[in-house]
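The file start-v6.csv comes next; it holds CSV, C-alpha atoms.
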```
chain,number,residue,atom,x,y,z
A,1,GLY,CA,16.3,-10.0,1.8
A,2,LEU,CA,19.4,-9.5,3.9
A,3,VAL,CA,19.1,-6.9,6.6
A,4,ARG,CA,22.1,-4.8,7.6
A,5,LEU,CA,23.2,-5.3,11.3
A,6,PRO,CA,25.8,-3.5,13.4
A,7,GLN,CA,29.5,-4.1,12.8
A,8,GLY,CA,28.9,-4.8,9.1
A,9,ARG,CA,27.0,-8.0,9.7
A,10,SER,CA,23.8,-9.0,8.0
A,11,ALA,CA,20.9,-11.5,8.5
A,12,PRO,CA,17.9,-12.7,6.4
A,13,ALA,CA,14.8,-10.7,7.3
A,14,GLU,CA,12.9,-13.9,8.2
A,15,ASP,CA,15.6,-14.8,10.8
A,16,LEU,CA,15.2,-11.5,12.8
A,17,ARG,CA,13.7,-11.8,16.2
A,18,PRO,CA,12.5,-9.3,18.9
A,19,GLY,CA,15.5,-7.8,20.6
A,20,ASP,CA,17.9,-8.2,17.7
A,21,GLU,CA,19.7,-5.1,16.7
A,22,VAL,CA,19.7,-3.7,13.2
A,23,GLN,CA,21.7,-0.8,11.7
A,24,THR,CA,19.8,2.4,11.0
A,25,PRO,CA,21.0,5.9,9.8
A,26,GLU,CA,20.8,7.0,13.5
A,27,GLY,CA,22.8,4.0,14.7
A,28,PRO,CA,21.9,0.5,16.1
A,29,ALA,CA,18.3,0.0,16.9
A,30,ALA,CA,16.5,-2.9,18.6
A,31,VAL,CA,13.7,-4.8,16.8
A,32,LEU,CA,10.6,-4.2,19.0
A,33,CYS,CA,8.2,-6.3,16.8
A,34,VAL,CA,8.4,-8.5,13.7
A,35,VAL,CA,5.2,-8.1,11.7
A,36,VAL,CA,4.6,-11.1,9.4
A,37,SER,CA,2.0,-10.8,6.6
A,38,PRO,CA,1.1,-14.2,5.0
A,39,CYS,CA,0.7,-13.9,1.2
A,40,ALA,CA,-2.5,-15.3,-0.3
A,41,ALA,CA,-2.0,-18.0,-2.9
A,42,GLY,CA,1.7,-18.1,-2.0
A,43,GLY,CA,2.7,-14.9,-3.7
A,44,ALA,CA,2.3,-11.1,-3.9
A,45,LEU,CA,2.7,-8.2,-6.3
A,46,LEU,CA,6.3,-7.0,-5.8
A,47,ALA,CA,8.9,-4.8,-7.5
A,48,GLU,CA,12.4,-6.0,-7.9
A,49,LEU,CA,15.0,-3.3,-7.5
A,50,GLU,CA,18.7,-3.3,-8.4
A,51,GLY,CA,20.5,-5.5,-6.1
A,52,GLY,CA,17.7,-8.0,-6.0
A,53,LEU,CA,15.4,-6.5,-3.3
A,54,LEU,CA,11.8,-7.7,-3.7
A,55,ILE,CA,9.4,-5.3,-2.0
A,56,SER,CA,5.8,-4.1,-2.2
A,57,GLY,CA,5.3,-1.4,-4.8
A,58,GLY,CA,4.2,1.3,-2.4
A,59,HIS,CA,6.7,0.7,0.4
A,60,PRO,CA,9.1,3.7,0.5
A,61,VAL,CA,12.8,3.3,-0.2
A,62,LEU,CA,15.6,5.9,-0.2
A,63,TRP,CA,16.7,6.0,-3.8
A,64,LYS,CA,19.6,8.3,-4.9
A,65,GLY,CA,18.9,10.6,-2.0
A,66,TRP,CA,15.1,10.7,-2.4
A,67,TRP,CA,12.3,8.8,-0.8
A,68,ARG,CA,10.6,6.9,-3.6
A,69,ARG,CA,8.0,4.2,-4.1
A,70,PRO,CA,9.5,1.0,-5.7
A,71,GLN,CA,6.6,1.0,-8.3
A,72,GLU,CA,8.1,4.2,-9.6
A,73,LEU,CA,11.5,2.5,-10.1
A,74,ALA,CA,10.7,-0.9,-11.4
A,75,ALA,CA,7.8,-3.0,-12.8
A,76,VAL,CA,5.5,-4.6,-10.3
A,77,SER,CA,4.6,-8.3,-11.0
A,78,TRP,CA,3.3,-11.3,-9.1
A,79,ARG,CA,6.2,-13.1,-7.4
A,80,ARG,CA,6.2,-16.3,-5.4
A,81,CYS,CA,6.6,-15.3,-1.8
A,82,PRO,CA,5.1,-17.1,1.2
A,83,ARG,CA,5.1,-14.0,3.5
A,84,LEU,CA,6.2,-10.4,3.8
A,85,TYR,CA,8.1,-8.9,6.7
A,86,ASN,CA,7.9,-5.5,8.4
A,87,PHE,CA,9.6,-4.2,11.5
A,88,VAL,CA,8.9,-1.9,14.4
A,89,LEU,CA,12.2,-0.4,15.7
A,90,SER,CA,13.2,1.2,19.0
A,91,ARG,CA,14.5,4.2,17.1
A,92,GLY,CA,15.2,5.3,13.6
A,93,GLY,CA,12.7,5.2,10.8
A,94,ALA,CA,14.4,2.9,8.3
A,95,LEU,CA,16.6,-0.2,7.9
A,96,THR,CA,18.7,-1.4,5.1
A,97,VAL,CA,17.7,-4.5,3.2
A,98,ASP,CA,19.7,-5.8,0.2
A,99,GLY,CA,21.6,-2.5,0.2
A,100,VAL,CA,18.4,-0.3,0.0
A,101,LEU,CA,17.2,1.8,2.9
A,102,CYS,CA,13.5,0.9,3.5
A,103,ALA,CA,11.0,2.6,5.8
A,104,ALA,CA,10.0,0.9,9.1
A,105,LEU,CA,6.4,0.7,10.2
A,106,GLY,CA,5.1,3.9,11.7
A,107,ALA,CA,8.0,6.0,10.3
A,108,SER,CA,7.0,9.5,9.2
A,109,LEU,CA,10.2,9.8,7.1
A,110,GLY,CA,10.9,13.2,8.6
A,111,GLY,CA,7.9,14.8,6.8
A,112,GLU,CA,9.6,14.2,3.5
A,113,MET,CA,7.0,11.8,2.3
A,114,ALA,CA,3.6,11.1,3.8
A,115,TRP,CA,3.8,7.6,2.5
A,116,HIS,CA,0.5,6.3,4.0
A,117,PRO,CA,-2.1,7.7,6.3
A,118,TYR,CA,-2.0,4.4,8.4
A,119,TRP,CA,1.2,2.5,7.8
A,120,GLY,CA,3.3,5.7,8.1
A,121,SER,CA,1.6,6.9,11.3
A,122,ARG,CA,1.5,6.1,15.0
A,123,ARG,CA,-1.9,4.5,14.5
A,124,VAL,CA,-0.4,1.3,13.1
A,125,LEU,CA,1.8,1.1,16.2
A,126,ASP,CA,-1.2,1.6,18.5
A,127,ASP,CA,-3.1,-1.2,16.7
A,128,LEU,CA,-0.1,-3.5,16.9
A,129,ARG,CA,0.2,-2.9,20.6
A,130,ARG,CA,-3.4,-4.0,21.0
A,131,HIS,CA,-2.8,-7.2,19.1
A,132,PRO,CA,-2.8,-10.3,21.4
A,133,SER,CA,0.7,-11.4,20.1
A,134,TRP,CA,2.3,-8.0,20.7
A,135,ASP,CA,4.0,-9.1,24.0
A,136,SER,CA,5.7,-12.0,22.1
A,137,GLY,CA,7.3,-9.5,19.7
A,138,VAL,CA,5.9,-11.3,16.6
A,139,VAL,CA,2.5,-10.3,15.1
A,140,GLU,CA,0.9,-12.1,12.2
A,141,TRP,CA,-0.9,-9.4,10.3
A,142,THR,CA,-3.5,-11.4,8.4
A,143,VAL,CA,-5.6,-10.4,5.4
A,144,GLU,CA,-8.5,-9.5,7.7
A,145,CYS,CA,-6.3,-7.3,9.8
A,146,ARG,CA,-5.1,-5.5,6.7
A,147,ARG,CA,-8.6,-5.2,5.3
A,148,VAL,CA,-10.0,-3.5,8.5
A,149,ALA,CA,-7.0,-1.2,8.7
A,150,GLY,CA,-7.2,-0.3,5.0
A,151,GLU,CA,-10.9,0.5,5.2
A,152,ALA,CA,-10.3,2.9,8.1
A,153,ALA,CA,-7.4,4.5,6.4
A,154,GLN,CA,-9.5,4.9,3.2
A,155,VAL,CA,-12.3,6.6,5.0
A,156,GLU,CA,-9.8,9.0,6.6
A,157,ALA,CA,-8.2,9.7,3.3
A,158,ALA,CA,-11.6,10.4,1.6
A,159,GLY,CA,-12.6,12.6,4.5
A,160,ARG,CA,-9.4,14.7,4.1
A,161,ALA,CA,-10.0,15.0,0.4
A,162,CYS,CA,-13.5,16.3,1.0
A,163,SER,CA,-12.6,18.7,3.8
A,164,ALA,CA,-12.9,21.7,1.4
A,165,GLY,CA,-15.8,20.3,-0.6
A,166,LEU,CA,-15.9,17.7,-3.4
A,167,PRO,CA,-12.3,17.2,-4.6
A,168,LYS,CA,-11.3,17.1,-8.2
A,169,LEU,CA,-12.2,13.7,-9.5
A,170,ASP,CA,-9.2,12.3,-11.5
A,171,ALA,CA,-7.0,9.3,-11.8
A,172,GLN,CA,-4.7,10.6,-9.1
A,173,LEU,CA,-7.5,10.7,-6.5
A,174,LEU,CA,-8.7,7.2,-7.3
A,175,ARG,CA,-5.1,5.9,-7.1
A,176,HIS,CA,-4.7,7.7,-3.8
A,177,LEU,CA,-7.9,6.1,-2.4
A,178,HIS,CA,-6.8,2.7,-3.6
A,179,GLU,CA,-3.4,3.1,-2.0
A,180,ALA,CA,-5.0,4.1,1.3
A,181,ALA,CA,-7.1,1.0,1.3
A,182,CYS,CA,-4.5,-1.5,0.1
A,183,GLY,CA,-1.4,-0.1,1.8
A,184,PRO,CA,2.0,-0.4,0.2
A,185,ILE,CA,0.7,-2.7,-2.6
A,186,GLY,CA,-1.8,-0.1,-3.7
A,187,GLY,CA,-1.8,2.7,-6.2
A,188,ALA,CA,-0.3,0.9,-9.2
A,189,LEU,CA,-2.4,0.1,-12.3
A,190,ARG,CA,-2.4,-3.5,-13.5
A,191,ALA,CA,0.1,-4.3,-16.3
A,192,GLY,CA,-1.6,-7.5,-17.6
A,193,PRO,CA,-4.9,-9.1,-18.2
A,194,ALA,CA,-7.5,-9.5,-15.4
A,195,SER,CA,-10.2,-11.9,-14.6
A,196,ILE,CA,-13.1,-11.6,-12.1
A,197,ALA,CA,-13.8,-14.8,-10.0
A,198,GLY,CA,-17.3,-16.1,-10.7
A,199,SER,CA,-18.0,-13.7,-13.6
A,200,ALA,CA,-17.9,-14.2,-17.3
A,201,HIS,CA,-17.0,-10.5,-17.8
A,202,ARG,CA,-13.6,-9.9,-19.2
A,203,PRO,CA,-12.1,-6.5,-18.2
A,204,PRO,CA,-10.5,-4.3,-20.9
A,205,ASP,CA,-6.9,-4.7,-21.8
A,206,ALA,CA,-4.5,-3.2,-19.4
A,207,GLU,CA,-3.2,-0.5,-21.8
A,208,LYS,CA,-6.7,0.9,-22.1
A,209,ALA,CA,-7.2,1.3,-18.3
A,210,PRO,CA,-5.5,4.7,-17.9
A,211,GLY,CA,-7.6,6.3,-20.7
A,212,LEU,CA,-10.8,4.7,-19.4
A,213,LEU,CA,-9.9,5.8,-15.9
A,214,GLN,CA,-9.7,9.4,-17.0
A,215,SER,CA,-13.0,9.1,-19.0
A,216,CYS,CA,-14.8,7.8,-15.9
A,217,CYS,CA,-13.6,10.7,-13.8
A,218,GLU,CA,-14.6,13.2,-16.5
A,219,GLU,CA,-18.1,11.6,-16.9
A,220,THR,CA,-18.6,11.6,-13.1
A,221,SER,CA,-17.6,15.3,-12.9
A,222,ARG,CA,-20.1,16.2,-15.6
A,223,ALA,CA,-22.9,14.3,-14.0
A,224,LEU,CA,-22.3,16.0,-10.6
A,225,ALA,CA,-22.1,19.4,-12.3
A,226,SER,CA,-25.5,18.7,-13.9
A,227,ALA,CA,-27.1,18.1,-10.5
A,228,ALA,CA,-27.6,14.4,-11.2
A,229,ASP,CA,-28.7,12.2,-8.3
A,230,SER,CA,-25.6,11.6,-6.2
A,231,VAL,CA,-26.7,8.1,-5.3
A,232,ALA,CA,-26.9,7.2,-9.0
A,233,VAL,CA,-23.5,8.8,-9.7
A,234,ALA,CA,-22.0,6.8,-6.8
A,235,ALA,CA,-23.6,3.6,-8.2
A,236,TYR,CA,-22.0,4.4,-11.6
A,237,CYS,CA,-18.6,4.8,-9.9
A,238,LEU,CA,-19.0,1.4,-8.2
A,239,TRP,CA,-20.0,-0.3,-11.4
A,240,TRP,CA,-17.3,1.4,-13.5
A,241,VAL,CA,-14.3,0.6,-11.4
A,242,ASN,CA,-15.3,-3.0,-11.0
A,243,HIS,CA,-16.1,-3.2,-14.8
A,244,VAL,CA,-12.7,-1.9,-15.9
A,245,HIS,CA,-10.7,-3.5,-13.0
A,246,PRO,CA,-7.8,-1.0,-13.4
A,247,PHE,CA,-5.8,-2.4,-10.4
A,248,PRO,CA,-4.3,-5.8,-9.9
A,249,ASP,CA,-6.2,-6.2,-6.7
A,250,GLY,CA,-8.5,-4.2,-4.4
A,251,ASN,CA,-10.8,-2.9,-7.2
A,252,GLY,CA,-13.9,-3.2,-5.0
A,253,ARG,CA,-12.2,-1.2,-2.3
A,254,ALA,CA,-11.2,1.4,-4.8
A,255,ALA,CA,-14.7,1.6,-6.1
A,256,ARG,CA,-16.2,2.1,-2.6
A,257,GLY,CA,-13.5,4.7,-1.9
A,258,LEU,CA,-14.5,6.7,-5.0
A,259,ALA,CA,-18.2,6.4,-4.4
A,260,TRP,CA,-17.9,7.7,-0.8
A,261,PRO,CA,-16.9,11.3,-1.6
A,262,VAL,CA,-19.4,11.4,-4.5
```
What's the structure tokens form of this structure?
Amino acid sequence: GLVRLPQGRSAPAEDLRPGDEVQTPEGPAAVLCVVVSPCAAGGALLAELEGGLLISGGHPVLWKGWWRRPQELAAVSWRRCPRLYNFVLSRGGALTVDGVLCAALGASLGGEMAWHPYWGSRRVLDDLRRHPSWDSGVVEWTVECRRVAGEAAQVEAAGRACSAGLPKLDAQLLRHLHEAACGPIGGALRAGPASIAGSAHRPPDAEKAPGLLQSCCEETSRALASAADSVAVAAYCLWWVNHVHPFPDGNGRAARGLAWPV
């Protein structure tokens, strides 16, 4: 997409380099780091907003005066895309891309929206500064980097959910744990058919996933209330999420996230 620069200029996101200035609501800000995330298989699950912006479904945008997730505004689908770009700025928490104000990495959004326990915190900035490429101003955030960061964020999110005892097991909790593990791409249920590599099992149709999701949470809650063995209940959660495959990706991570508090 086209990023807004000072003096009314613009530049493609892929052309921005460390030291370039972008326009933020607080005024011009320097790009401290360009974070490049290669897309597996040459594409990613993205939402297309009015104006043509292609963006991860969970990456916050300012929409009609409110911080919203793109997956709440448009359908998420697989789009051809070799890489995704994020930016660390010297000041300001957002930059405008294709006419839409988008959160920068580490931005708290002024407390209006705790958009992610990792990507919207100082922790992601600390990890980026430890990356060997930080001094160059361009960091390639690989699948392995995202996996490690996501698992840490998910454990933290599960710990917070359990701080006052076992939380209410519902679809919202599972989606929250999935989003913590998968970052901006997480939280959205799949809209189409799914297949599991190396398995003959065919997950249920996408339209059945929300109802099955609720049924699983209710069954798990009943089992825990009956003093069933917690290890057996956790194993059921692991099996169920992988069996139904409610998310386009990251179902194994979502399953582990749900089993952890159980």
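Each of A:Pro203, A:Pro132, A:Gly211, A:Pro193 was compared to Asp170 (chain A) using all atoms listed in the file, and A:Gly211 turns out to be the nearest.
Distances to Val34 (chain A) were evaluated for A:Pro12, A:Gly58, A:Gly137, A:Pro82 using only C-alpha atoms, and the minimum falls at A:Gly137.
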Original post:
Pick from A:Ser226, A:Ser215, A:Gln71, A:Thr96: nearest to Gly8 (chain A), with all atoms listed in the file counted?
Top reply: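 Checking each candidate against Gly8 (chain A), we get A:Thr96 as the closest.
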**OP:** Determine the nearest neighbour of Gly19 (chain A) from the options A:Val76, A:Leu62, A:Val138, A:Val97, counting all atoms listed in the file.
**Re:**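 For Gly19 (chain A), the nearest of the candidates is A:Val138.
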Need to verify the contact set: Leu212 (chain A), 10 Å, only C-alpha atoms, exclusion of same-chain residues closer than 5 positions in sequence. Can you return it as a tab-separated table (two decimals) with C-alpha atoms, keeping the file's coordinate frame?
```
chain	number	residue	atom	x	y	z
A	171	ALA	CA	-7.00	9.30	-11.80
A	204	PRO	CA	-10.50	-4.30	-20.90
A	207	GLU	CA	-3.20	-0.50	-21.80
A	217	CYS	CA	-13.60	10.70	-13.80
A	218	GLU	CA	-14.60	13.20	-16.50
A	240	TRP	CA	-17.30	1.40	-13.50
A	241	VAL	CA	-14.30	0.60	-11.40
A	244	VAL	CA	-12.70	-1.90	-15.90
A	246	PRO	CA	-7.80	-1.00	-13.40
```
**OP:** Measuring atom to atom with all atoms listed in the file, identify which of A:Ala157, A:Val262, A:Val3, A:Val35 is nearest to Ala232 (chain A).
**Re:** A:Val262
**OP:** Quick one: pull the distance between CA of Asn251 (chain A) and CA of His178 (chain A), Å, one decimal.
**Re:**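 These two atoms are separated by 7.8 Å.
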**OP:** With a distance cut-off of 9 Å and all atoms listed in the file, select the neighbouring residues of Ala209 (chain A), excluding the residue or stretch itself and same-chain residues fewer than 4 positions from it, and output the selection as an MDAnalysis selection string.
**Re:** chainID A and resid 189:190 204:205 213:214 244:247
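Neighbouring residues of Leu5 (chain A) at 12 Å or closer, counting all atoms listed in the file and skipping chain neighbours under 6 positions away, are Ala11, Pro12, Ala13, Leu16, Asp20, Glu21, Val22, Gln23, Thr24, Pro25, Gly27, Pro28, Ala29, Ala30, Val31, Leu95, Thr96, Val97, Asp98 and Gly99 of chain A.
Among the candidates A:Leu53, A:Ala191, A:Cys81, A:Ala200, the one nearest to Ala41 (chain A) when counting all atoms listed in the file is A:Cys81.
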Subject >> Surrounding residues of Ala44 (chain A) excluding itself and chain neighbours under 3 positions, 10 Å, all atoms listed in the file, as a PyMOL selection string >> reply: chain A and resi 38-41+47+55-56+76-84+185
Subject >> Separation of CA of Gly250 (chain A) from CA of Ala107 (chain A) in Å >> reply: 24.3 Å
Subject >> Atomic distance CA of Asp135 (chain A) - CA of Val88 (chain A), expressed in Å with one decimal >> reply: 13.0 Å
Rebuild N, CA and C atoms on region 173-184 of chain A, as an mmCIF file, in the coordinates of the input?
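Just written: selection22.cif:
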```cif
data_model
loop_
_atom_site.group_PDB
_atom_site.id
_atom_site.type_symbol
_atom_site.label_atom_id
_atom_site.label_comp_id
_atom_site.auth_asym_id
_atom_site.auth_seq_id
_atom_site.Cartn_x
_atom_site.Cartn_y
_atom_site.Cartn_z
ATOM 1 N N LEU A 173 -6.709 10.905 -7.704
ATOM 2 C CA LEU A 173 -7.500 10.700 -6.500
ATOM 3 C C LEU A 173 -7.880 9.233 -6.335
ATOM 4 N N LEU A 174 -8.284 8.572 -7.425
ATOM 5 C CA LEU A 174 -8.700 7.200 -7.300
ATOM 6 C C LEU A 174 -7.458 6.323 -6.890
ATOM 7 N N ARG A 175 -6.287 6.607 -7.443
ATOM 8 C CA ARG A 175 -5.100 5.900 -7.100
ATOM 9 C C ARG A 175 -4.732 6.123 -5.605
ATOM 10 N N HIS A 176 -4.949 7.355 -5.157
ATOM 11 C CA HIS A 176 -4.700 7.700 -3.800
ATOM 12 C C HIS A 176 -5.615 6.923 -2.825
ATOM 13 N N LEU A 177 -6.894 6.842 -3.177
ATOM 14 C CA LEU A 177 -7.900 6.100 -2.400
ATOM 15 C C LEU A 177 -7.571 4.613 -2.367
ATOM 16 N N HIS A 178 -7.142 4.105 -3.517
ATOM 17 C CA HIS A 178 -6.800 2.700 -3.600
ATOM 18 C C HIS A 178 -5.560 2.392 -2.734
ATOM 19 N N GLU A 179 -4.589 3.282 -2.769
ATOM 20 C CA GLU A 179 -3.400 3.100 -2.000
ATOM 21 C C GLU A 179 -3.718 3.140 -0.461
ATOM 22 N N ALA A 180 -4.624 4.045 -0.078
ATOM 23 C CA ALA A 180 -5.000 4.100 1.300
ATOM 24 C C ALA A 180 -5.642 2.831 1.790
ATOM 25 N N ALA A 181 -6.465 2.223 0.931
ATOM 26 C CA ALA A 181 -7.100 1.000 1.300
ATOM 27 C C ALA A 181 -6.237 -0.220 1.291
ATOM 28 N N CYS A 182 -5.305 -0.248 0.348
ATOM 29 C CA CYS A 182 -4.500 -1.500 0.100
ATOM 30 C C CYS A 182 -3.092 -1.373 0.696
ATOM 31 N N GLY A 183 -2.725 -0.217 1.249
ATOM 32 C CA GLY A 183 -1.400 -0.100 1.800
ATOM 33 C C GLY A 183 -0.312 -0.059 0.788
ATOM 34 N N PRO A 184 0.881 -0.561 1.110
ATOM 35 C CA PRO A 184 2.000 -0.400 0.200
ATOM 36 C C PRO A 184 1.819 -1.092 -1.158
#
```
